[in-house]
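The next block is target35.cif, given as mmCIF, C-alpha atoms.
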data_entry
loop_
_atom_site.group_PDB
_atom_site.id
_atom_site.type_symbol
_atom_site.label_atom_id
_atom_site.label_comp_id
_atom_site.auth_asym_id
_atom_site.auth_seq_id
_atom_site.Cartn_x
_atom_site.Cartn_y
_atom_site.Cartn_z
ATOM 1 C CA MET T 15 105.358 105.809 103.063
ATOM 2 C CA THR T 16 103.494 103.500 105.351
ATOM 3 C CA GLU T 17 102.509 100.057 104.178
ATOM 4 C CA ARG T 18 100.020 100.252 101.307
ATOM 5 C CA VAL T 19 96.638 98.569 101.633
ATOM 6 C CA PHE T 20 94.454 96.865 99.066
ATOM 7 C CA ASN T 21 91.275 98.771 98.275
ATOM 8 C CA PHE T 22 88.285 96.686 97.209
ATOM 9 C CA ASN T 23 85.737 99.487 97.584
ATOM 10 C CA PRO T 24 83.447 100.241 94.631
ATOM 11 C CA GLY T 25 84.643 103.865 94.613
ATOM 12 C CA PRO T 26 88.026 105.265 93.570
ATOM 13 C CA ALA T 27 90.764 102.680 93.166
ATOM 14 C CA THR T 28 94.148 102.646 94.855
ATOM 15 C CA LEU T 29 96.660 104.574 92.761
ATOM 16 C CA PRO T 30 100.212 103.373 92.108
ATOM 17 C CA GLU T 31 102.748 104.883 94.494
ATOM 18 C CA ALA T 32 104.711 106.441 91.606
ATOM 19 C CA ILE T 33 101.612 108.393 90.532
ATOM 20 C CA LEU T 34 101.002 109.634 94.068
ATOM 21 C CA GLU T 35 104.637 110.724 94.359
ATOM 22 C CA GLN T 36 104.458 112.644 91.066
ATOM 23 C CA ALA T 37 101.240 114.353 92.175
ATOM 24 C CA ARG T 38 102.865 115.233 95.512
ATOM 25 C CA ASP T 39 105.922 116.734 93.840
ATOM 26 C CA GLU T 40 103.983 118.690 91.219
ATOM 27 C CA MET T 41 101.508 120.002 93.777
ATOM 28 C CA LEU T 42 104.263 122.336 94.988
ATOM 29 C CA ASN T 43 106.287 122.839 91.802
ATOM 30 C CA TYR T 44 104.513 121.914 88.569
ATOM 31 C CA LYS T 45 107.114 121.035 85.923
ATOM 32 C CA GLY T 46 109.669 123.468 87.311
ATOM 33 C CA THR T 47 107.391 126.530 87.188
ATOM 34 C CA GLY T 48 107.817 127.252 90.894
ATOM 35 C CA MET T 49 104.039 127.172 91.282
ATOM 36 C CA SER T 50 101.493 124.544 92.129
ATOM 37 C CA VAL T 51 99.423 123.167 89.262
ATOM 38 C CA ILE T 52 96.385 124.712 90.961
ATOM 39 C CA GLU T 53 98.053 128.153 90.999
ATOM 40 C CA LEU T 54 98.707 128.352 87.256
ATOM 41 C CA SER T 55 96.961 131.100 85.336
ATOM 42 C CA HIS T 56 94.299 129.789 82.984
ATOM 43 C CA ARG T 57 96.012 131.903 80.324
ATOM 44 C CA SER T 58 99.513 130.501 80.833
ATOM 45 C CA LYS T 59 101.401 128.278 78.412
ATOM 46 C CA GLN T 60 101.681 125.567 81.081
ATOM 47 C CA PHE T 61 97.923 125.508 81.644
ATOM 48 C CA GLU T 62 97.306 125.382 77.904
ATOM 49 C CA GLU T 63 99.565 122.308 77.771
ATOM 50 C CA VAL T 64 97.489 120.695 80.538
ATOM 51 C CA ILE T 65 94.268 121.355 78.602
ATOM 52 C CA LEU T 66 95.670 120.151 75.268
ATOM 53 C CA GLY T 67 96.994 116.999 76.905
ATOM 54 C CA ALA T 68 93.647 116.300 78.558
ATOM 55 C CA GLU T 69 91.814 116.846 75.264
ATOM 56 C CA ALA T 70 94.188 114.490 73.443
ATOM 57 C CA LEU T 71 93.693 111.779 76.056
ATOM 58 C CA LEU T 72 89.915 112.216 75.884
ATOM 59 C CA LYS T 73 89.994 111.847 72.097
ATOM 60 C CA GLU T 74 91.931 108.595 72.491
ATOM 61 C CA LEU T 75 89.163 107.256 74.699
ATOM 62 C CA MET T 76 86.381 108.187 72.290
#
Using the file provided, produce a representation of the structure as structure tokens.
Amino acid sequence: MTERVFNFNPGPATLPEAILEQARDEMLNYKGTGMSVIELSHRSKQFEEVILGAEALLKELM
């Protein structure tokens, strides 16, 4: 990657490089499914895991 910059804008913050790398990798092959996370069926087990994980994290915040 090129040199990272500091972002002091009021909008979205700069994400850690490790997070960006994970997103990059899983954009093409989400957890070994051979599909992008945005290609998963909304009825698949993998998508259900995404939803359940998001719900659990939301409950932690509440």
Quiz item: Please, what distance in Å, to one decimal, runs between atom CA of Val19 of chain T and atom CA of Leu42 of chain T?
Solution: 25.8 Å
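If you look at atom CA of Val51 of chain T and atom CA of Asp39 of chain T, they are 10.2 Å away from each other.
The closest residue to Leu54 of chain T, picked from T:Met41, T:Met76, T:Leu29, T:Ala68 and counting only C-alpha atoms, is T:Met41.
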Give the padded box for segment 31-44 of chain T as AutoDock Vina command-line options: axis-aligned, covering all atoms listed in the file, 8 Å on each side, centre and edge lengths in Å to one decimal.
--center_x 103.6 --center_y 113.9 --center_z 92.0 --size_x 21.3 --size_y 34.0 --size_z 22.9
Quiz item: Mind pulling up the distance from atom CA of Gln36 of chain T to atom CA of Thr16 of chain T?
Solution: 17.0 Å
Provide segment 32-62 of chain T of the preceding structure as a file containing N, CA and C atoms, as a PDB file, in the first residue's frame.
ATOM      1  N   ALA T  32      -5.261  -3.449   8.631  1.00  0.00           N
ATOM      2  CA  ALA T  32      -5.661  -4.860   8.742  1.00  0.00           C
ATOM      3  C   ALA T  32      -7.142  -5.046   8.400  1.00  0.00           C
ATOM      4  N   ILE T  33      -7.972  -4.098   8.788  1.00  0.00           N
ATOM      5  CA  ILE T  33      -9.405  -4.166   8.480  1.00  0.00           C
ATOM      6  C   ILE T  33      -9.630  -4.007   6.986  1.00  0.00           C
ATOM      7  N   LEU T  34      -8.929  -3.077   6.375  1.00  0.00           N
ATOM      8  CA  LEU T  34      -9.054  -2.867   4.931  1.00  0.00           C
ATOM      9  C   LEU T  34      -8.593  -4.096   4.152  1.00  0.00           C
ATOM     10  N   GLU T  35      -7.529  -4.738   4.625  1.00  0.00           N
ATOM     11  CA  GLU T  35      -7.033  -5.942   3.958  1.00  0.00           C
ATOM     12  C   GLU T  35      -8.034  -7.087   4.077  1.00  0.00           C
ATOM     13  N   GLN T  36      -8.651  -7.240   5.237  1.00  0.00           N
ATOM     14  CA  GLN T  36      -9.663  -8.290   5.418  1.00  0.00           C
ATOM     15  C   GLN T  36     -10.860  -8.020   4.509  1.00  0.00           C
ATOM     16  N   ALA T  37     -11.303  -6.777   4.448  1.00  0.00           N
ATOM     17  CA  ALA T  37     -12.426  -6.430   3.571  1.00  0.00           C
ATOM     18  C   ALA T  37     -12.074  -6.703   2.113  1.00  0.00           C
ATOM     19  N   ARG T  38     -10.850  -6.372   1.720  1.00  0.00           N
ATOM     20  CA  ARG T  38     -10.395  -6.624   0.349  1.00  0.00           C
ATOM     21  C   ARG T  38     -10.441  -8.119   0.029  1.00  0.00           C
ATOM     22  N   ASP T  39      -9.901  -8.920   0.931  1.00  0.00           N
ATOM     23  CA  ASP T  39      -9.844 -10.361   0.702  1.00  0.00           C
ATOM     24  C   ASP T  39     -11.237 -10.984   0.647  1.00  0.00           C
ATOM     25  N   GLU T  40     -12.111 -10.572   1.571  1.00  0.00           N
ATOM     26  CA  GLU T  40     -13.436 -11.174   1.644  1.00  0.00           C
ATOM     27  C   GLU T  40     -14.396 -10.604   0.608  1.00  0.00           C
ATOM     28  N   MET T  41     -14.003  -9.526  -0.057  1.00  0.00           N
ATOM     29  CA  MET T  41     -14.839  -9.001  -1.131  1.00  0.00           C
ATOM     30  C   MET T  41     -14.876  -9.982  -2.301  1.00  0.00           C
ATOM     31  N   LEU T  42     -13.813 -10.749  -2.480  1.00  0.00           N
ATOM     32  CA  LEU T  42     -13.763 -11.722  -3.569  1.00  0.00           C
ATOM     33  C   LEU T  42     -14.084 -13.144  -3.126  1.00  0.00           C
ATOM     34  N   ASN T  43     -13.798 -13.463  -1.862  1.00  0.00           N
ATOM     35  CA  ASN T  43     -13.992 -14.832  -1.385  1.00  0.00           C
ATOM     36  C   ASN T  43     -14.340 -14.771   0.098  1.00  0.00           C
ATOM     37  N   TYR T  44     -15.622 -14.616   0.402  1.00  0.00           N
ATOM     38  CA  TYR T  44     -16.057 -14.462   1.785  1.00  0.00           C
ATOM     39  C   TYR T  44     -15.957 -15.782   2.536  1.00  0.00           C
ATOM     40  N   LYS T  45     -15.052 -15.839   3.487  1.00  0.00           N
ATOM     41  CA  LYS T  45     -14.855 -16.998   4.365  1.00  0.00           C
ATOM     42  C   LYS T  45     -14.803 -18.325   3.612  1.00  0.00           C
ATOM     43  N   GLY T  46     -14.111 -18.327   2.478  1.00  0.00           N
ATOM     44  CA  GLY T  46     -13.901 -19.553   1.731  1.00  0.00           C
ATOM     45  C   GLY T  46     -15.098 -20.046   0.934  1.00  0.00           C
ATOM     46  N   THR T  47     -16.121 -19.212   0.764  1.00  0.00           N
ATOM     47  CA  THR T  47     -17.315 -19.640   0.024  1.00  0.00           C
ATOM     48  C   THR T  47     -17.107 -19.608  -1.483  1.00  0.00           C
ATOM     49  N   GLY T  48     -16.077 -18.889  -1.940  1.00  0.00           N
ATOM     50  CA  GLY T  48     -15.870 -18.727  -3.371  1.00  0.00           C
ATOM     51  C   GLY T  48     -16.708 -17.612  -3.966  1.00  0.00           C
ATOM     52  N   MET T  49     -17.447 -16.914  -3.106  1.00  0.00           N
ATOM     53  CA  MET T  49     -18.290 -15.804  -3.548  1.00  0.00           C
ATOM     54  C   MET T  49     -17.992 -14.569  -2.712  1.00  0.00           C
ATOM     55  N   SER T  50     -18.289 -13.434  -3.292  1.00  0.00           N
ATOM     56  CA  SER T  50     -18.181 -12.179  -2.573  1.00  0.00           C
ATOM     57  C   SER T  50     -19.268 -12.114  -1.507  1.00  0.00           C
ATOM     58  N   VAL T  51     -19.023 -11.362  -0.455  1.00  0.00           N
ATOM     59  CA  VAL T  51     -20.035 -11.191   0.587  1.00  0.00           C
ATOM     60  C   VAL T  51     -21.300 -10.553   0.012  1.00  0.00           C
ATOM     61  N   ILE T  52     -21.152  -9.750  -1.042  1.00  0.00           N
ATOM     62  CA  ILE T  52     -22.328  -9.114  -1.633  1.00  0.00           C
ATOM     63  C   ILE T  52     -23.051 -10.016  -2.631  1.00  0.00           C
ATOM     64  N   GLU T  53     -22.503 -11.200  -2.890  1.00  0.00           N
ATOM     65  CA  GLU T  53     -23.148 -12.167  -3.786  1.00  0.00           C
ATOM     66  C   GLU T  53     -23.894 -13.260  -3.032  1.00  0.00           C
ATOM     67  N   LEU T  54     -23.753 -13.310  -1.720  1.00  0.00           N
ATOM     68  CA  LEU T  54     -24.390 -14.372  -0.943  1.00  0.00           C
ATOM     69  C   LEU T  54     -25.905 -14.272  -1.019  1.00  0.00           C
ATOM     70  N   SER T  55     -26.552 -15.415  -1.088  1.00  0.00           N
ATOM     71  CA  SER T  55     -28.011 -15.450  -1.044  1.00  0.00           C
ATOM     72  C   SER T  55     -28.477 -15.025   0.340  1.00  0.00           C
ATOM     73  N   HIS T  56     -29.560 -14.265   0.383  1.00  0.00           N
ATOM     74  CA  HIS T  56     -30.098 -13.848   1.680  1.00  0.00           C
ATOM     75  C   HIS T  56     -30.712 -15.021   2.444  1.00  0.00           C
ATOM     76  N   ARG T  57     -30.745 -16.176   1.816  1.00  0.00           N
ATOM     77  CA  ARG T  57     -31.256 -17.384   2.477  1.00  0.00           C
ATOM     78  C   ARG T  57     -30.141 -18.359   2.859  1.00  0.00           C
ATOM     79  N   SER T  58     -28.901 -17.992   2.589  1.00  0.00           N
ATOM     80  CA  SER T  58     -27.791 -18.912   2.844  1.00  0.00           C
ATOM     81  C   SER T  58     -27.377 -18.910   4.316  1.00  0.00           C
ATOM     82  N   LYS T  59     -26.716 -19.991   4.704  1.00  0.00           N
ATOM     83  CA  LYS T  59     -26.209 -20.109   6.075  1.00  0.00           C
ATOM     84  C   LYS T  59     -25.189 -19.007   6.364  1.00  0.00           C
ATOM     85  N   GLN T  60     -24.338 -18.697   5.393  1.00  0.00           N
ATOM     86  CA  GLN T  60     -23.314 -17.673   5.589  1.00  0.00           C
ATOM     87  C   GLN T  60     -23.946 -16.303   5.825  1.00  0.00           C
ATOM     88  N   PHE T  61     -24.996 -15.991   5.076  1.00  0.00           N
ATOM     89  CA  PHE T  61     -25.658 -14.700   5.259  1.00  0.00           C
ATOM     90  C   PHE T  61     -26.358 -14.646   6.611  1.00  0.00           C
ATOM     91  N   GLU T  62     -26.955 -15.761   7.012  1.00  0.00           N
ATOM     92  CA  GLU T  62     -27.595 -15.814   8.323  1.00  0.00           C
ATOM     93  C   GLU T  62     -26.570 -15.545   9.425  1.00  0.00           C
TER      94      GLU T  62
END
